[in-house]
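Chemist: Sending over query-v4.cif (mmCIF, C-alpha atoms and all ligand atoms).
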```
data_start
loop_
_atom_site.group_PDB
_atom_site.id
_atom_site.type_symbol
_atom_site.label_atom_id
_atom_site.label_comp_id
_atom_site.auth_asym_id
_atom_site.auth_seq_id
_atom_site.Cartn_x
_atom_site.Cartn_y
_atom_site.Cartn_z
ATOM 1 C CA MET X 1 208.575 -135.468 136.775
ATOM 2 C CA ASP X 2 209.416 -133.105 133.948
ATOM 3 C CA ILE X 3 212.919 -133.174 132.441
ATOM 4 C CA LYS X 4 212.421 -129.789 130.765
ATOM 5 C CA ASN X 5 214.346 -126.847 132.235
ATOM 6 C CA LYS X 6 216.205 -129.018 134.747
ATOM 7 C CA VAL X 7 220.000 -129.382 134.842
ATOM 8 C CA PHE X 8 221.734 -132.753 134.624
ATOM 9 C CA ILE X 9 225.377 -133.800 134.925
ATOM 10 C CA VAL X 10 226.432 -136.675 132.684
ATOM 11 C CA THR X 11 229.824 -138.145 133.588
ATOM 12 C CA GLY X 12 231.535 -139.955 130.741
ATOM 13 C CA GLY X 13 229.312 -137.711 128.638
ATOM 14 C CA ALA X 14 231.831 -137.295 125.816
ATOM 15 C CA SER X 15 231.294 -140.791 124.435
ATOM 16 C CA GLY X 16 229.026 -143.809 124.110
ATOM 17 C CA LEU X 17 226.135 -144.200 126.564
ATOM 18 C CA GLY X 18 226.860 -140.858 128.233
ATOM 19 C CA ALA X 19 226.836 -138.978 124.930
ATOM 20 C CA GLY X 20 223.550 -140.671 123.950
ATOM 21 C CA THR X 21 222.080 -139.643 127.293
ATOM 22 C CA ALA X 22 223.246 -136.042 126.883
ATOM 23 C CA ARG X 23 221.558 -135.928 123.456
ATOM 24 C CA MET X 24 218.294 -137.290 124.873
ATOM 25 C CA LEU X 25 218.262 -134.833 127.783
ATOM 26 C CA VAL X 26 218.887 -131.839 125.507
ATOM 27 C CA ALA X 27 216.133 -133.042 123.132
ATOM 28 C CA GLU X 28 213.796 -133.063 126.177
ATOM 29 C CA GLY X 29 214.649 -129.449 126.962
ATOM 30 C CA ALA X 30 217.164 -129.945 129.781
ATOM 31 C CA SER X 31 220.543 -128.293 130.300
ATOM 32 C CA VAL X 32 223.458 -130.703 130.470
ATOM 33 C CA ILE X 33 226.928 -130.520 131.977
ATOM 34 C CA ILE X 34 229.096 -132.956 130.053
ATOM 35 C CA ALA X 35 231.766 -134.104 132.524
ATOM 36 C CA ASP X 36 234.616 -136.183 131.159
ATOM 37 C CA VAL X 37 238.376 -136.442 130.802
ATOM 38 C CA GLN X 38 238.252 -136.614 126.988
ATOM 39 C CA ASP X 39 238.387 -132.851 126.568
ATOM 40 C CA GLU X 40 238.347 -132.603 122.804
ATOM 41 C CA ALA X 41 235.414 -134.964 122.241
ATOM 42 C CA GLY X 42 233.574 -133.487 125.228
ATOM 43 C CA ARG X 43 233.967 -129.898 124.044
ATOM 44 C CA GLN X 44 232.935 -130.856 120.530
ATOM 45 C CA LEU X 45 229.706 -132.498 121.726
ATOM 46 C CA ALA X 46 228.956 -129.643 124.133
ATOM 47 C CA THR X 47 229.361 -127.121 121.306
ATOM 48 C CA GLU X 48 227.150 -129.188 118.994
ATOM 49 C CA LEU X 49 224.419 -129.411 121.657
ATOM 50 C CA GLY X 50 224.828 -125.833 122.933
ATOM 51 C CA GLN X 51 225.745 -127.131 126.398
ATOM 52 C CA THR X 52 228.649 -126.903 128.850
ATOM 53 C CA TYR X 53 231.714 -129.119 129.037
ATOM 54 C CA VAL X 54 233.652 -129.484 132.286
ATOM 55 C CA HIS X 55 236.909 -131.412 132.567
ATOM 56 C CA CYS X 56 236.093 -133.799 135.384
ATOM 57 C CA ASP X 57 238.036 -136.830 136.515
ATOM 58 C CA VAL X 58 235.350 -138.502 138.623
ATOM 59 C CA THR X 59 237.932 -139.742 141.131
ATOM 60 C CA GLN X 60 238.918 -136.165 142.044
ATOM 61 C CA GLU X 61 236.917 -134.213 144.612
ATOM 62 C CA ALA X 62 237.798 -130.792 143.151
ATOM 63 C CA ASP X 63 236.853 -131.887 139.614
ATOM 64 C CA GLY X 64 233.541 -133.281 140.834
ATOM 65 C CA GLN X 65 232.785 -130.091 142.739
ATOM 66 C CA ALA X 66 233.590 -128.027 139.625
ATOM 67 C CA ALA X 67 230.998 -130.016 137.648
ATOM 68 C CA VAL X 68 228.409 -129.568 140.423
ATOM 69 C CA ASP X 69 229.164 -125.821 140.650
ATOM 70 C CA ALA X 70 228.745 -125.447 136.872
ATOM 71 C CA ALA X 71 225.394 -127.232 137.154
ATOM 72 C CA THR X 72 224.054 -125.125 140.033
ATOM 73 C CA GLN X 73 225.133 -121.957 138.215
ATOM 74 C CA ALA X 74 223.125 -123.133 135.176
ATOM 75 C CA GLY X 75 219.944 -123.731 137.232
ATOM 76 C CA THR X 76 218.460 -126.530 139.335
ATOM 77 C CA LEU X 77 220.677 -129.607 139.361
ATOM 78 C CA PHE X 78 218.104 -132.363 139.267
ATOM 79 C CA GLY X 79 220.037 -135.398 138.093
ATOM 80 C CA LEU X 80 223.447 -137.028 137.963
ATOM 81 C CA ILE X 81 223.972 -139.744 135.365
ATOM 82 C CA ASN X 82 227.148 -141.666 136.239
ATOM 83 C CA CYS X 83 228.376 -143.100 132.931
ATOM 84 C CA ALA X 84 232.141 -142.668 133.327
ATOM 85 C CA GLY X 85 233.880 -146.008 133.307
ATOM 86 C CA VAL X 86 236.790 -148.084 132.069
ATOM 87 C CA ALA X 87 236.968 -151.788 131.244
ATOM 88 C CA PRO X 88 240.546 -152.915 130.690
ATOM 89 C CA ALA X 89 241.064 -156.673 130.616
ATOM 90 C CA SER X 90 243.529 -158.097 133.092
ATOM 91 C CA ARG X 91 244.275 -161.659 134.180
ATOM 92 C CA ILE X 92 244.998 -162.367 137.837
ATOM 93 C CA VAL X 93 248.036 -164.402 136.758
ATOM 94 C CA GLY X 94 250.004 -164.552 133.520
ATOM 95 C CA ARG X 95 250.693 -161.852 130.980
ATOM 96 C CA ASN X 96 249.255 -158.903 132.917
ATOM 97 C CA GLY X 97 250.011 -160.426 136.321
ATOM 98 C CA PRO X 98 252.677 -157.969 137.466
ATOM 99 C CA HIS X 99 250.315 -155.084 136.743
ATOM 100 C CA ALA X 100 247.200 -156.667 138.176
ATOM 101 C CA LEU X 101 247.160 -154.819 141.513
ATOM 102 C CA ASP X 102 247.654 -151.375 139.976
ATOM 103 C CA LEU X 103 245.055 -152.050 137.342
ATOM 104 C CA PHE X 104 242.560 -153.457 139.859
ATOM 105 C CA GLN X 105 242.901 -150.349 142.021
ATOM 106 C CA LYS X 106 242.538 -148.021 139.024
ATOM 107 C CA VAL X 107 239.371 -149.722 137.749
ATOM 108 C CA VAL X 108 237.744 -149.779 141.200
ATOM 109 C CA MET X 109 238.786 -146.159 141.724
ATOM 110 C CA ILE X 110 237.124 -144.903 138.532
ATOM 111 C CA ASN X 111 234.073 -147.183 138.293
ATOM 112 C CA LEU X 112 233.127 -147.497 141.964
ATOM 113 C CA VAL X 113 234.824 -144.780 144.026
ATOM 114 C CA GLY X 114 234.264 -142.253 141.201
ATOM 115 C CA THR X 115 230.542 -143.067 141.181
ATOM 116 C CA PHE X 116 230.374 -142.571 144.944
ATOM 117 C CA ASN X 117 232.404 -139.346 144.802
ATOM 118 C CA MET X 118 230.161 -137.761 142.168
ATOM 119 C CA SER X 119 226.981 -139.004 143.881
ATOM 120 C CA ARG X 120 227.804 -137.510 147.275
ATOM 121 C CA LEU X 121 228.762 -134.126 145.770
ATOM 122 C CA ALA X 122 225.653 -133.974 143.569
ATOM 123 C CA ALA X 123 223.367 -135.143 146.389
ATOM 124 C CA ALA X 124 224.710 -132.420 148.685
ATOM 125 C CA ALA X 125 223.726 -129.779 146.113
ATOM 126 C CA MET X 126 220.378 -131.404 145.260
ATOM 127 C CA SER X 127 219.339 -131.581 148.900
ATOM 128 C CA ASN X 128 219.037 -127.740 148.789
ATOM 129 C CA ASN X 129 216.522 -127.900 145.909
ATOM 130 C CA THR X 130 212.957 -126.777 146.419
ATOM 131 C CA PRO X 131 211.070 -130.092 146.256
ATOM 132 C CA GLU X 132 208.847 -130.979 143.305
ATOM 133 C CA PRO X 133 205.126 -131.501 144.039
ATOM 134 C CA THR X 134 206.028 -135.190 144.519
ATOM 135 C CA GLY X 135 208.513 -134.261 147.255
ATOM 136 C CA GLU X 136 211.395 -135.147 144.984
ATOM 137 C CA ARG X 137 214.649 -133.186 144.957
ATOM 138 C CA GLY X 138 216.668 -135.186 142.451
ATOM 139 C CA VAL X 139 217.848 -138.490 141.085
ATOM 140 C CA LEU X 140 221.174 -140.330 140.870
ATOM 141 C CA ILE X 141 221.487 -142.867 138.050
ATOM 142 C CA ASN X 142 224.492 -145.196 138.022
ATOM 143 C CA THR X 143 225.841 -147.512 135.363
ATOM 144 C CA ALA X 144 226.857 -150.997 136.458
ATOM 145 C CA SER X 145 227.111 -153.928 134.025
ATOM 146 C CA VAL X 146 225.851 -157.479 133.691
ATOM 147 C CA ALA X 147 229.486 -158.317 134.534
ATOM 148 C CA ALA X 148 228.462 -157.559 138.149
ATOM 149 C CA TYR X 149 226.582 -160.885 138.080
ATOM 150 C CA ASP X 150 228.372 -162.795 135.335
ATOM 151 C CA GLY X 151 231.978 -161.662 135.061
ATOM 152 C CA GLN X 152 234.154 -163.220 132.393
ATOM 153 C CA ILE X 153 237.827 -164.213 132.522
ATOM 154 C CA GLY X 154 239.876 -161.015 132.685
ATOM 155 C CA GLN X 155 237.038 -159.055 134.283
ATOM 156 C CA ALA X 156 237.847 -159.498 137.991
ATOM 157 C CA ALA X 157 238.458 -155.776 138.513
ATOM 158 C CA TYR X 158 235.617 -154.636 136.254
ATOM 159 C CA ALA X 159 233.084 -157.106 137.693
ATOM 160 C CA ALA X 160 234.093 -156.247 141.275
ATOM 161 C CA SER X 161 233.766 -152.519 140.614
ATOM 162 C CA LYS X 162 230.326 -152.935 139.017
ATOM 163 C CA ALA X 163 229.115 -155.298 141.768
ATOM 164 C CA GLY X 164 230.099 -152.519 144.177
ATOM 165 C CA VAL X 165 227.903 -150.068 142.275
ATOM 166 C CA VAL X 166 224.980 -152.514 142.454
ATOM 167 C CA GLY X 167 225.625 -152.993 146.174
ATOM 168 C CA MET X 168 225.584 -149.320 147.058
ATOM 169 C CA THR X 169 222.384 -148.517 145.145
ATOM 170 C CA LEU X 170 219.846 -149.599 147.783
ATOM 171 C CA PRO X 171 221.608 -148.160 150.854
ATOM 172 C CA VAL X 172 222.203 -144.844 149.062
ATOM 173 C CA ALA X 173 218.532 -144.733 147.995
ATOM 174 C CA ARG X 174 217.401 -145.443 151.539
ATOM 175 C CA ASP X 175 219.801 -142.901 153.006
ATOM 176 C CA LEU X 176 218.713 -140.133 150.618
ATOM 177 C CA SER X 177 214.990 -140.936 150.805
ATOM 178 C CA LYS X 178 214.675 -138.496 153.716
ATOM 179 C CA VAL X 179 215.606 -135.633 151.383
ATOM 180 C CA GLY X 180 213.653 -136.944 148.377
ATOM 181 C CA ILE X 181 216.603 -138.037 146.238
ATOM 182 C CA ARG X 182 216.384 -141.373 144.413
ATOM 183 C CA CYS X 183 219.219 -143.682 143.399
ATOM 184 C CA VAL X 184 218.808 -146.208 140.572
ATOM 185 C CA THR X 185 221.368 -148.304 138.672
ATOM 186 C CA ILE X 186 221.254 -149.586 135.106
ATOM 187 C CA ALA X 187 223.187 -152.784 134.336
ATOM 188 C CA PRO X 188 223.747 -152.771 130.558
ATOM 189 C CA GLY X 189 224.528 -155.928 128.606
ATOM 190 C CA ILE X 190 226.553 -155.361 125.434
ATOM 191 C CA PHE X 191 226.296 -151.970 123.803
ATOM 192 C CA GLY X 192 227.843 -150.683 120.593
ATOM 193 C CA THR X 193 230.142 -147.978 121.949
ATOM 194 C CA PRO X 194 233.897 -147.302 121.719
ATOM 195 C CA MET X 195 234.290 -149.651 124.727
ATOM 196 C CA ILE X 196 233.161 -152.537 122.469
ATOM 197 C CA PHE X 197 234.241 -151.209 119.058
ATOM 198 C CA GLY X 198 237.859 -151.955 120.014
ATOM 199 C CA MET X 199 237.095 -155.692 119.780
ATOM 200 C CA PRO X 200 237.588 -157.640 116.521
ATOM 201 C CA GLN X 201 234.491 -157.501 114.274
ATOM 202 C CA GLU X 202 233.873 -161.264 114.542
ATOM 203 C CA VAL X 203 233.786 -160.991 118.348
ATOM 204 C CA GLN X 204 231.300 -158.105 118.121
ATOM 205 C CA ASP X 205 229.158 -160.124 115.687
ATOM 206 C CA SER X 206 229.138 -163.207 117.884
ATOM 207 C CA LEU X 207 228.298 -161.086 120.959
ATOM 208 C CA ALA X 208 225.381 -159.484 119.079
ATOM 209 C CA ALA X 209 224.139 -162.903 117.935
ATOM 210 C CA SER X 210 224.248 -164.201 121.525
ATOM 211 C CA ILE X 211 221.643 -161.641 122.634
ATOM 212 C CA PRO X 212 218.352 -163.611 122.556
ATOM 213 C CA PHE X 213 216.221 -160.633 121.538
ATOM 214 C CA PRO X 214 216.638 -158.215 119.821
ATOM 215 C CA ALA X 215 219.779 -160.071 118.630
ATOM 216 C CA ARG X 216 221.741 -156.863 118.132
ATOM 217 C CA LEU X 217 224.098 -154.788 120.211
ATOM 218 C CA GLY X 218 222.448 -152.262 122.471
ATOM 219 C CA ARG X 219 222.508 -148.654 121.288
ATOM 220 C CA PRO X 220 223.092 -145.487 123.309
ATOM 221 C CA GLU X 221 219.452 -144.554 122.504
ATOM 222 C CA ASP X 222 218.236 -147.757 124.225
ATOM 223 C CA TYR X 223 220.136 -146.727 127.348
ATOM 224 C CA ALA X 224 218.937 -143.104 127.122
ATOM 225 C CA LYS X 225 215.292 -144.243 126.881
ATOM 226 C CA LEU X 226 215.648 -146.102 130.176
ATOM 227 C CA VAL X 227 217.308 -143.068 131.774
ATOM 228 C CA ASN X 228 214.312 -141.009 130.639
ATOM 229 C CA SER X 229 211.872 -143.537 132.160
ATOM 230 C CA ILE X 230 213.759 -143.582 135.458
ATOM 231 C CA ILE X 231 213.871 -139.790 135.713
ATOM 232 C CA THR X 232 210.161 -139.448 134.963
ATOM 233 C CA ASN X 233 208.895 -142.234 137.251
ATOM 234 C CA GLU X 234 209.483 -141.487 140.924
ATOM 235 C CA MET X 235 208.415 -144.999 141.940
ATOM 236 C CA ILE X 236 211.630 -146.490 140.522
ATOM 237 C CA ASN X 237 214.093 -146.339 143.404
ATOM 238 C CA GLY X 238 216.861 -148.388 144.993
ATOM 239 C CA GLU X 239 216.798 -150.862 142.101
ATOM 240 C CA THR X 240 219.316 -152.180 139.576
ATOM 241 C CA ILE X 241 217.672 -152.744 136.200
ATOM 242 C CA ARG X 242 219.300 -155.064 133.647
ATOM 243 C CA LEU X 243 219.200 -153.713 130.097
ATOM 244 C CA ASP X 244 220.589 -156.650 128.186
ATOM 245 C CA GLY X 245 218.150 -158.338 125.768
ATOM 246 C CA ALA X 246 218.108 -161.367 128.128
ATOM 247 C CA ILE X 247 221.776 -162.231 127.512
ATOM 248 C CA ARG X 248 223.432 -164.615 129.990
ATOM 249 C CA MET X 249 227.088 -165.030 129.204
ATOM 250 C CA GLY X 250 228.122 -168.280 130.929
ATOM 251 C CA MET X 251 231.778 -169.293 130.584
HETATM 252 P P1 LIG P 1 232.900 -145.257 126.445
HETATM 253 O O1 LIG P 1 234.318 -145.677 126.560
HETATM 254 O O2 LIG P 1 232.352 -144.858 125.136
HETATM 255 O O3 LIG P 1 232.579 -144.086 127.492
HETATM 256 C C1 LIG P 1 233.161 -144.028 128.762
HETATM 257 C C2 LIG P 1 233.513 -142.583 129.041
HETATM 258 O O4 LIG P 1 234.012 -142.507 130.375
HETATM 259 C C3 LIG P 1 234.612 -142.012 128.109
HETATM 260 O O5 LIG P 1 234.187 -140.811 127.515
HETATM 261 C C4 LIG P 1 235.789 -141.799 129.043
HETATM 262 O O6 LIG P 1 236.606 -140.709 128.677
HETATM 263 C C5 LIG P 1 235.063 -141.541 130.362
HETATM 264 N N1 LIG P 1 235.951 -141.736 131.523
HETATM 265 C C6 LIG P 1 236.852 -142.720 131.744
HETATM 266 N N2 LIG P 1 237.503 -142.486 132.897
HETATM 267 C C7 LIG P 1 237.004 -141.331 133.426
HETATM 268 C C8 LIG P 1 237.274 -140.582 134.597
HETATM 269 N N3 LIG P 1 238.205 -140.962 135.483
HETATM 270 N N4 LIG P 1 236.558 -139.460 134.796
HETATM 271 C C9 LIG P 1 235.626 -139.048 133.908
HETATM 272 N N5 LIG P 1 235.325 -139.715 132.777
HETATM 273 C C10 LIG P 1 236.022 -140.844 132.545
HETATM 274 O O7 LIG P 1 232.083 -146.505 127.025
HETATM 275 P P2 LIG P 1 230.509 -146.727 127.238
HETATM 276 O O8 LIG P 1 230.220 -148.053 126.692
HETATM 277 O O9 LIG P 1 229.694 -145.558 126.842
HETATM 278 O O10 LIG P 1 230.489 -146.879 128.830
HETATM 279 C C11 LIG P 1 229.653 -146.093 129.670
HETATM 280 C C12 LIG P 1 229.407 -146.879 130.941
HETATM 281 O O11 LIG P 1 228.649 -148.053 130.621
HETATM 282 C C13 LIG P 1 230.682 -147.380 131.629
HETATM 283 O O12 LIG P 1 230.547 -147.244 133.015
HETATM 284 C C14 LIG P 1 230.736 -148.846 131.236
HETATM 285 O O13 LIG P 1 231.438 -149.624 132.171
HETATM 286 C C15 LIG P 1 229.263 -149.182 131.191
HETATM 287 N N6 LIG P 1 228.917 -150.364 130.404
HETATM 288 C C16 LIG P 1 229.157 -150.396 129.060
HETATM 289 C C17 LIG P 1 228.820 -151.546 128.364
HETATM 290 C C18 LIG P 1 229.040 -151.682 126.878
HETATM 291 O O14 LIG P 1 228.813 -152.776 126.355
HETATM 292 N N7 LIG P 1 229.436 -150.649 126.159
HETATM 293 C C19 LIG P 1 228.238 -152.632 129.028
HETATM 294 C C20 LIG P 1 228.026 -152.547 130.385
HETATM 295 C C21 LIG P 1 228.350 -151.397 131.074
#
```
Could you write out this structure as structure tokens?
Ligand code: NAD
Modeler:
Amino acid sequence: MDIKNKVFIVTGGASGLGAGTARMLVAEGASVIIADVQDEAGRQLATELGQTYVHCDVTQEADGQAAVDAATQAGTLFGLINCAGVAPASRIVGRNGPHALDLFQKVVMINLVGTFNMSRLAAAAMSNNTPEPTGERGVLINTASVAAYDGQIGQAAYAASKAGVVGMTLPVARDLSKVGIRCVTIAPGIFGTPMIFGMPQEVQDSLAASIPFPARLGRPEDYAKLVNSIITNEMINGETIRLDGAIRMGM
């Protein structure tokens, strides 16, 4: 599967793993729709890369459709990379207790329902593609987290939302196999992005040191390389792949 001359949507593309993925795809000769709610950062990156920015809250049907329409106008929408996500900490009791229900719903809405919303809209457009010689019409790549398997205190909402993404990967892949669309999820460990940079430096250092090998935080390029491998290898399907340097968090 060739990335060149295809069109990809990257949600959460204004920052972190999504921005790294957008850079990789453009370097490979693709067109990219950067879909995010951070308009300034998104527009800036799109201008730098010569690509298109679309304001897209992944939880909103009309926003998602606008991103898909921009992609199909640009050419053949071949891939959706779902990177949009939020990870606010919240305890089930205590300091954030009174807000826990609202926060839980918001996190699940963005991380899980948003992923589903974007996937169904993109898949509907991709199913009209002329198939590749392999029979393939497109690929959906989601971003879960190792928190899906190993959630820490304060991560009930985040871990639940990411476990939901892992859970839907295989049924979506099976469902879309009849039209030649794959669905694959990446479960990153700890990556150096704004999501992590908000933590105190000593916490970041101890997290990096707890990664058995390569004993450093993951980089957006590490994530983008796996996205590239998934796009170009049609045998990878219905799977969640950990990308975590063998970290296991424990308590
Ligand atoms: P990031 O904060 O740099 O990027 C997340 C992006 O998502 C931001 O640009 C943000 O504006 C966008 N976003 C948030 N809500 C949105 C919405 N409703 N609609 C559209 N866009 C929205 O963080 P990142 O580390 O690059 O995270 C990317 C993905 O990777 C997330 O799903 C995150 O949960 C996951 N992840 C990150 C790590 C890590 O260590 N950084 C680990 C595991 C999983």
Chemist: Give as a VMD selection string the residues that the PyMOL selection byres (((not hetatm)) within 7 of (chain P and resi 1)) matches when applied to the coordinates above.
Modeler: chain X and resid 11 to 18 35 to 38 56 to 59 83 to 87 110 to 111 143 to 146 187 to 196
Chemist: Nearest residue to Asp244 of chain X out of X:Pro220, X:Pro214, X:Gly180, X:Pro171, using all atoms listed in the file?
Modeler: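 The answer is X:Pro214, which sits nearest to Asp244 of chain X.
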Chemist: If you measure from atom CA of Ile141 of chain X to atom CA of Ala122 of chain X, what distance in Å do you get, rounded to one decimal?
Modeler: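 Value for the atom CA of Ile141 of chain X-atom CA of Ala122 of chain X distance: 11.3 Å.
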Chemist: Taking into account all atoms listed in the file, which residue in the set X:Lys106, X:Lys225, X:His55, X:Arg219 is nearest to Ala27 of chain X?
Modeler: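 Selected residue with least distance to Ala27 of chain X: X:Lys225.
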Chemist: May I ask for the distance between atom CA of Met24 of chain X and atom CA of Ala224 of chain X, given in Å to one decimal place?
Modeler: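 So the two atoms, atom CA of Met24 of chain X and atom CA of Ala224 of chain X, lie 6.3 Å apart.
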Chemist: Between atom CA of Asp222 of chain X and atom CA of Glu28 of chain X, measure the distance and give it in Å to one decimal.
Modeler: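 That distance, rounded to one decimal, is 15.5 Å.
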Chemist: Mind working out the centre and edge lengths of an axis-aligned box for segment 84-93 of chain X, all listed atoms inside, 5 Å added to each side, rounded to one decimal in Å and written as AutoDock Vina command-line options?
Modeler:
```
--center_x 240.1 --center_y -153.5 --center_z 134.2 --size_x 25.9 --size_y 31.7 --size_z 17.2
```
Chemist: Could you tell me which residues the PyMOL selection byres (((chain X and resi 127) around 9) and not hetatm) returns for this structure, as a VMD selection string?
Modeler: chain X and resid 122 to 126 128 to 131 137 to 138 176 179 to 181
Chemist: Carefully work through the PyMOL selection byres (((chain X and resi 46-52) around 6) and not hetatm) for this structure and note down the residues it includes, as an MDAnalysis selection string.
Modeler: chainID X and resid 32:33 43:45 53
Chemist: Give the answer as one residue: which of X:Glu136, X:Thr240, X:Ser161, X:Gly198 has the shortest atom-to-atom distance to Lys178 of chain X, using only C-alpha atoms?
Modeler: X:Glu136
Chemist: Quick one: everything within 10 Å of Thr185 of chain X, counting only C-alpha atoms, minus sequence neighbours fewer than 3 positions away in the same chain. Send it as a list of chain:residue names.
Modeler: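 Near Thr185 of chain X, the qualifying residues are X:Ile81, X:Asn82, X:Leu140, X:Ile141, X:Asn142, X:Thr143, X:Ala144, X:Ser145, X:Val165, X:Val166, X:Gly167, X:Met168, X:Thr169, X:Leu170, X:Pro188, X:Val227, X:Ile230, X:Asn237, X:Gly238, X:Glu239, X:Thr240, X:Ile241, X:Arg242.
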Chemist: How would the residues just chosen look if you wrote them out with C-alpha atoms as a PDB file, in the frame of the given file?
Modeler:
```
ATOM      1  CA  ILE X  81     223.972-139.744 135.365  1.00  0.00           C
ATOM      2  CA  ASN X  82     227.148-141.666 136.239  1.00  0.00           C
ATOM      3  CA  LEU X 140     221.174-140.330 140.870  1.00  0.00           C
ATOM      4  CA  ILE X 141     221.487-142.867 138.050  1.00  0.00           C
ATOM      5  CA  ASN X 142     224.492-145.196 138.022  1.00  0.00           C
ATOM      6  CA  THR X 143     225.841-147.512 135.363  1.00  0.00           C
ATOM      7  CA  ALA X 144     226.857-150.997 136.458  1.00  0.00           C
ATOM      8  CA  SER X 145     227.111-153.928 134.025  1.00  0.00           C
ATOM      9  CA  VAL X 165     227.903-150.068 142.275  1.00  0.00           C
ATOM     10  CA  VAL X 166     224.980-152.514 142.454  1.00  0.00           C
ATOM     11  CA  GLY X 167     225.625-152.993 146.174  1.00  0.00           C
ATOM     12  CA  MET X 168     225.584-149.320 147.058  1.00  0.00           C
ATOM     13  CA  THR X 169     222.384-148.517 145.145  1.00  0.00           C
ATOM     14  CA  LEU X 170     219.846-149.599 147.783  1.00  0.00           C
ATOM     15  CA  PRO X 188     223.747-152.771 130.558  1.00  0.00           C
ATOM     16  CA  VAL X 227     217.308-143.068 131.774  1.00  0.00           C
ATOM     17  CA  ILE X 230     213.759-143.582 135.458  1.00  0.00           C
ATOM     18  CA  ASN X 237     214.093-146.339 143.404  1.00  0.00           C
ATOM     19  CA  GLY X 238     216.861-148.388 144.993  1.00  0.00           C
ATOM     20  CA  GLU X 239     216.798-150.862 142.101  1.00  0.00           C
ATOM     21  CA  THR X 240     219.316-152.180 139.576  1.00  0.00           C
ATOM     22  CA  ILE X 241     217.672-152.744 136.200  1.00  0.00           C
ATOM     23  CA  ARG X 242     219.300-155.064 133.647  1.00  0.00           C
TER      24      ARG X 242
END
```
Chemist: Using only C-alpha atoms, give me every residue within 10 Å of (217.3, -121.7, 139.4) in file coordinates, as a list in words.
Modeler: Asn5, Lys6, Val7, Thr72, Gln73, Ala74, Gly75, Thr76, Leu77, Asn129 and Thr130 of chain X
Chemist: Of the candidates X:Ala89, X:Ala148, X:Val139, X:Val68, which one gets nearest to Thr232 of chain X if we count all atoms listed in the file?
Modeler: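 Between X:Ala89, X:Ala148, X:Val139, X:Val68, the residue approaching Thr232 of chain X most closely is X:Val139.
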